[in-house]
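Q: Sharing input_9.txt here; it has compact mmCIF, C-alpha atoms and all ligand atoms.
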```
# COMPACT_ATOMS: atom_id res chain seq x y z
CA MET A 223 10.86 19.03 -6.52
CA SER A 224 13.27 16.64 -4.92
CA TYR A 225 11.95 13.83 -2.82
CA GLN A 226 13.10 12.84 0.61
CA ILE A 227 13.10 9.09 1.18
CA ARG A 228 10.92 8.14 4.13
CA VAL A 229 12.33 5.80 6.74
CA MET A 230 10.80 3.19 9.01
CA GLY A 231 8.61 4.86 11.61
CA ASP A 232 6.92 7.06 9.02
CA PRO A 233 3.28 5.89 8.89
CA VAL A 234 3.11 6.35 5.13
CA LEU A 235 5.28 3.22 4.78
CA ARG A 236 2.61 1.17 6.54
CA GLN A 237 -0.36 2.09 4.39
CA GLU A 238 -1.68 0.21 1.41
CA ALA A 239 -1.12 2.21 -1.79
CA LYS A 240 -3.97 2.86 -4.21
CA SER A 241 -4.22 1.75 -7.84
CA ILE A 242 -3.52 4.35 -10.51
CA ASP A 243 -6.54 4.85 -12.79
CA ASN A 244 -5.05 7.44 -15.06
CA ILE A 245 -1.40 7.91 -15.99
CA ASP A 246 -1.53 11.69 -16.22
CA GLY A 247 1.04 14.48 -16.14
CA ARG A 248 1.25 14.31 -12.36
CA ILE A 249 2.24 10.66 -12.48
CA ILE A 250 4.86 11.36 -15.16
CA GLN A 251 6.25 14.21 -13.06
CA MET A 252 6.33 11.99 -10.01
CA VAL A 253 8.38 9.38 -11.90
CA ASP A 254 10.70 12.12 -13.22
CA ASP A 255 11.36 13.07 -9.60
CA MET A 256 11.55 9.53 -8.21
CA VAL A 257 14.23 8.29 -10.61
CA PRO A 258 16.89 10.86 -9.53
CA ALA A 259 15.95 10.26 -5.89
CA MET A 260 16.61 6.53 -6.41
CA TYR A 261 19.98 7.19 -8.06
CA GLN A 262 20.99 9.70 -5.43
CA ALA A 263 20.29 7.13 -2.72
CA GLU A 264 22.18 4.52 -4.74
CA GLY A 265 19.17 2.23 -4.74
CA ILE A 266 18.12 -0.09 -7.54
CA GLY A 267 14.42 0.49 -6.93
CA LEU A 268 12.08 2.94 -5.26
CA ALA A 269 8.37 2.62 -4.56
CA ALA A 270 6.03 5.63 -4.44
CA PRO A 271 5.17 5.18 -0.72
CA GLN A 272 8.88 5.62 0.03
CA VAL A 273 8.57 9.21 -1.11
CA GLY A 274 5.26 9.64 0.71
CA ILE A 275 2.90 8.95 -2.20
CA GLN A 276 0.15 6.35 -1.80
CA LYS A 277 0.13 5.09 -5.38
CA ARG A 278 0.84 1.64 -6.78
CA LEU A 279 3.95 2.46 -8.77
CA PHE A 280 7.66 1.82 -8.51
CA VAL A 281 10.78 2.68 -10.47
CA TYR A 282 13.87 0.50 -10.78
CA ASP A 283 17.13 0.13 -12.63
CA ILE A 284 19.19 -3.03 -12.52
CA GLY A 285 21.69 -1.70 -15.02
CA GLU A 286 19.52 -1.36 -18.11
CA GLY A 287 18.23 2.15 -17.51
CA PRO A 288 15.28 3.34 -15.47
CA GLN A 289 12.01 1.43 -15.73
CA THR A 290 8.60 2.15 -14.25
CA LEU A 291 5.84 -0.26 -13.34
CA VAL A 292 2.31 0.91 -12.68
CA ASN A 293 -0.24 -1.21 -10.77
CA PRO A 294 2.14 -4.19 -10.67
CA GLU A 295 0.90 -7.59 -9.55
CA ILE A 296 2.70 -10.87 -9.05
CA VAL A 297 0.59 -13.58 -10.63
CA ASP A 298 2.89 -16.56 -10.19
CA SER A 299 6.02 -17.47 -8.30
CA ASP A 300 8.31 -20.44 -8.03
CA GLY A 301 11.33 -21.76 -6.16
CA GLU A 302 13.21 -20.41 -3.16
CA TRP A 303 16.18 -18.10 -2.97
CA ALA A 304 18.06 -16.71 0.02
CA PHE A 305 19.39 -13.20 -0.49
CA GLU A 306 20.78 -10.47 1.74
CA GLU A 307 18.19 -7.74 1.38
CA GLY A 308 18.46 -4.09 2.36
CA CYS A 309 16.03 -1.20 2.04
CA LEU A 310 16.46 2.54 1.51
CA SER A 311 13.74 3.03 4.12
CA VAL A 312 15.60 0.92 6.68
CA PRO A 313 19.12 2.29 6.14
CA GLY A 314 21.95 0.53 7.90
CA LEU A 315 20.24 -2.86 8.26
CA SER A 316 20.06 -5.85 5.95
CA PHE A 317 18.81 -9.38 6.41
CA GLU A 318 19.07 -12.67 4.62
CA ILE A 319 15.54 -13.41 3.56
CA ILE A 320 14.19 -16.39 1.67
CA ARG A 321 11.61 -15.64 -0.97
CA PRO A 322 10.52 -17.22 -4.26
CA LYS A 323 13.33 -17.25 -6.80
CA GLU A 324 11.17 -16.56 -9.84
CA VAL A 325 8.08 -14.44 -10.24
CA HIS A 326 5.76 -13.55 -13.06
CA LEU A 327 4.75 -9.92 -12.78
CA ILE A 328 2.12 -8.07 -14.76
CA GLY A 329 1.26 -4.38 -14.78
CA ARG A 330 1.51 -1.36 -17.03
CA ASP A 331 4.32 0.83 -18.24
CA LEU A 332 4.20 4.64 -18.19
CA ASN A 333 2.50 4.67 -21.59
CA GLY A 334 -0.30 2.56 -20.20
CA ASN A 335 0.75 -0.53 -22.15
CA GLU A 336 0.35 -3.89 -20.47
CA VAL A 337 3.59 -5.54 -19.47
CA SER A 338 4.27 -9.12 -18.46
CA ILE A 339 7.71 -9.96 -17.07
CA GLU A 340 9.18 -13.30 -16.04
CA ALA A 341 11.86 -12.38 -13.52
CA ASP A 342 14.51 -14.47 -11.81
CA GLU A 343 16.86 -13.94 -8.84
CA LEU A 344 17.76 -10.24 -8.38
CA LEU A 345 14.98 -8.80 -10.52
CA ALA A 346 12.45 -11.18 -8.98
CA ARG A 347 13.64 -10.13 -5.53
CA LEU A 348 13.38 -6.46 -6.42
CA PHE A 349 9.82 -6.92 -7.67
CA GLN A 350 8.78 -8.71 -4.49
CA HIS A 351 10.43 -6.08 -2.32
CA GLU A 352 8.74 -3.19 -4.16
CA LEU A 353 5.38 -4.92 -4.14
CA ASP A 354 5.72 -5.21 -0.37
CA HIS A 355 6.13 -1.43 -0.16
CA LEU A 356 2.88 -0.94 -2.05
CA ASP A 357 1.16 -3.12 0.57
CA GLY A 358 2.72 -1.39 3.56
CA VAL A 359 5.09 -4.28 4.28
CA LEU A 360 8.71 -3.73 5.35
CA LEU A 361 11.74 -5.98 5.46
CA LEU A 362 11.41 -6.61 9.19
CA ASP A 363 8.01 -8.22 8.68
CA HIS A 364 9.80 -11.15 7.04
CA LEU A 365 11.87 -11.92 10.15
CA ASP A 366 10.91 -14.26 12.94
CA ARG A 367 10.09 -12.83 16.37
CA ASP A 368 13.60 -12.96 17.83
CA GLU A 369 15.28 -11.63 14.72
CA ARG A 370 12.77 -8.85 14.57
CA LYS A 371 13.36 -7.86 18.18
CA ALA A 372 17.12 -7.76 17.61
CA ALA A 373 16.64 -5.76 14.42
CA LEU A 374 14.44 -3.19 16.18
CA ARG A 375 17.03 -2.83 18.94
CA ARG A 376 19.72 -2.27 16.33
CA TRP A 377 17.47 0.19 14.49
CA ARG A 378 16.94 2.24 17.64
CA GLU A 379 20.69 2.37 18.18
CA ILE A 380 21.21 3.60 14.63
CA GLN A 381 18.44 6.16 14.99
CA SER A 382 19.76 7.50 18.28
CA SER A 383 23.26 8.02 16.91
CA PRO A 384 22.78 9.62 13.52
CA GLY A 385 26.49 10.37 13.15
CA ALA A 386 27.30 6.72 13.67
CA ARG A 387 25.08 5.24 11.02
CA PRO A 388 26.97 2.26 9.65
CA ALA A 389 27.95 2.41 6.01
CA SER A 390 25.70 0.16 4.03
CA SER A 391 27.49 0.47 0.74
CA ASP A 392 28.28 -3.24 0.72
CA ASP A 393 24.65 -4.14 1.06
CA LEU A 394 22.48 -4.16 -1.92
CA ALA A 395 20.27 -1.16 -1.38
CA LEU A 396 17.06 -2.67 -2.62
CA PRO A 397 14.95 0.33 -2.26
ZN ZN A 401 12.55 -1.07 0.49
```
Could you render the structure as structure tokens?
A:
Amino acid sequence: MSYQIRVMGDPVLRQEAKSIDNIDGRIIQMVDDMVPAMYQAEGIGLAAPQVGIQKRLFVYDIGEGPQTLVNPEIVDSDGEWAFEEGCLSVPGLSFEIIRPKEVHLIGRDLNGNEVSIEADELLARLFQHELDHLDGVLLLDHLDRDERKAALRRWREIQSSPGARPASSDDLALP
């Protein structure tokens, strides 16, 4: 089946995803369907809630082929980095957001093996962004009150004129 990427306003994006106890055939199938959906949307990452599935899993590809992380957790972070961040679930908008520059992430791969990754800059940003999705957090939650208001106004404009959705190809489509 092909997945439709959910956009802001869909309640599934606001729920906390559940841990995966067993990496079974259904999970493998889900990943097999999520990866093409991510590529089709020209994203570099996609979290399960973005395709309507409440599981703690995301896929990503920063140019080294598709990867999957199951039950990911950030156990340490360091530094600060400002980066213009977009989201496949908030198409047309992007914001400069400051987050830790480096993170240490642990989790499991699709074979159930433990993974431990020290990530910097783009990959660290991607991990933090995807983790947010698993906790029901969206980009706009990182803005201050005024920025958020302006962003919501802009979002409503985009939503009410579907033909006039601005091209976001210059933005990094962090899933
Ligand atoms: Zn996103």
Q: Write as a list of chain:residue names the residues around ligand ZN 401 (chain A), taking 7 Å as the cut-off and counting all atoms listed in the file.
A: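 What falls inside 7 Å of ligand ZN 401 (chain A) is A:Gly308, A:Cys309, A:Leu310, A:Ser311, A:His351, A:Glu352, A:His355, A:Leu360, A:Leu396, A:Pro397.
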Q: Just the number, please: distance in Å from CA of Asn335 (chain A) to CA of Ser241 (chain A), one decimal.
A: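 If I compute the distance from CA of Asn335 (chain A) to CA of Ser241 (chain A), I get 15.3 Å.
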Q: Could you check how far CA of Leu279 (chain A) sits from CA of Val292 (chain A), in Å to one decimal?
A: 4.5 Å
Q: Show me, as JSON, numbers by chain, the residues that have an atom within 10 Å of region 363-368 of chain A when counting all atoms listed in the file, minus same-chain residues fewer than 5 positions from it.
A: {"A": [317, 318, 319, 320, 321, 354, 373, 374]}
Q: Taking only C-alpha atoms into account, which of A:Leu344, A:Leu356, A:Val229, A:Leu361 comes nearest Ile242 (chain A)?
A: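 Checking each of A:Leu344, A:Leu356, A:Val229, A:Leu361 against Ile242 (chain A), counting only C-alpha atoms, the winner is A:Leu356.
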Q: Taking the point (4.8, 4.0, 3.8) as given in the file, collect each protein or nucleic acid residue that comes within 12 Å of it, counting only C-alpha atoms, and present the set as a PyMOL selection string.
A: chain A and resi 227-240+268-278+310-312+352-360
Q: May I ask which of the residues A:Gly329, A:Gly334, A:Gly314, A:Pro322 is the closest one to Arg378 (chain A), counting all atoms listed in the file?
A: A:Gly314
Q: Which residue out of A:Ile380, A:Ala259, A:Val281, A:Leu327 has the minimum interatomic distance to Ser299 (chain A) when all atoms listed in the file are used?
A: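 Smallest distance to Ser299 (chain A) is found for A:Leu327.
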Q: Can you work out the spacing between CA of Gln289 (chain A) and CA of Asp331 (chain A) in Å, to one decimal?
A: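 About the pair CA of Gln289 (chain A) and CA of Asp331 (chain A): they are 8.1 Å apart.
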Q: Tell me which of A:Asp243, A:Asp254, A:Glu302, A:Glu379 sits closest to Thr290 (chain A), counting all atoms listed in the file.
A: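 Going through A:Asp243, A:Asp254, A:Glu302, A:Glu379 one by one, the smallest distance to Thr290 (chain A) is for A:Asp254.
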Q: Which one of A:Glu336, A:Glu343, A:Glu324, A:Glu286 sits closest to Phe305 (chain A) if you count all atoms listed in the file?
A: A:Glu343
Q: Of the residues A:Pro313, A:Tyr225, A:Asp300, A:Ser338, which is the one nearest to Val325 (chain A), using only C-alpha atoms?
A: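 Residue with the minimum atom-to-atom distance to Val325 (chain A): A:Asp300.
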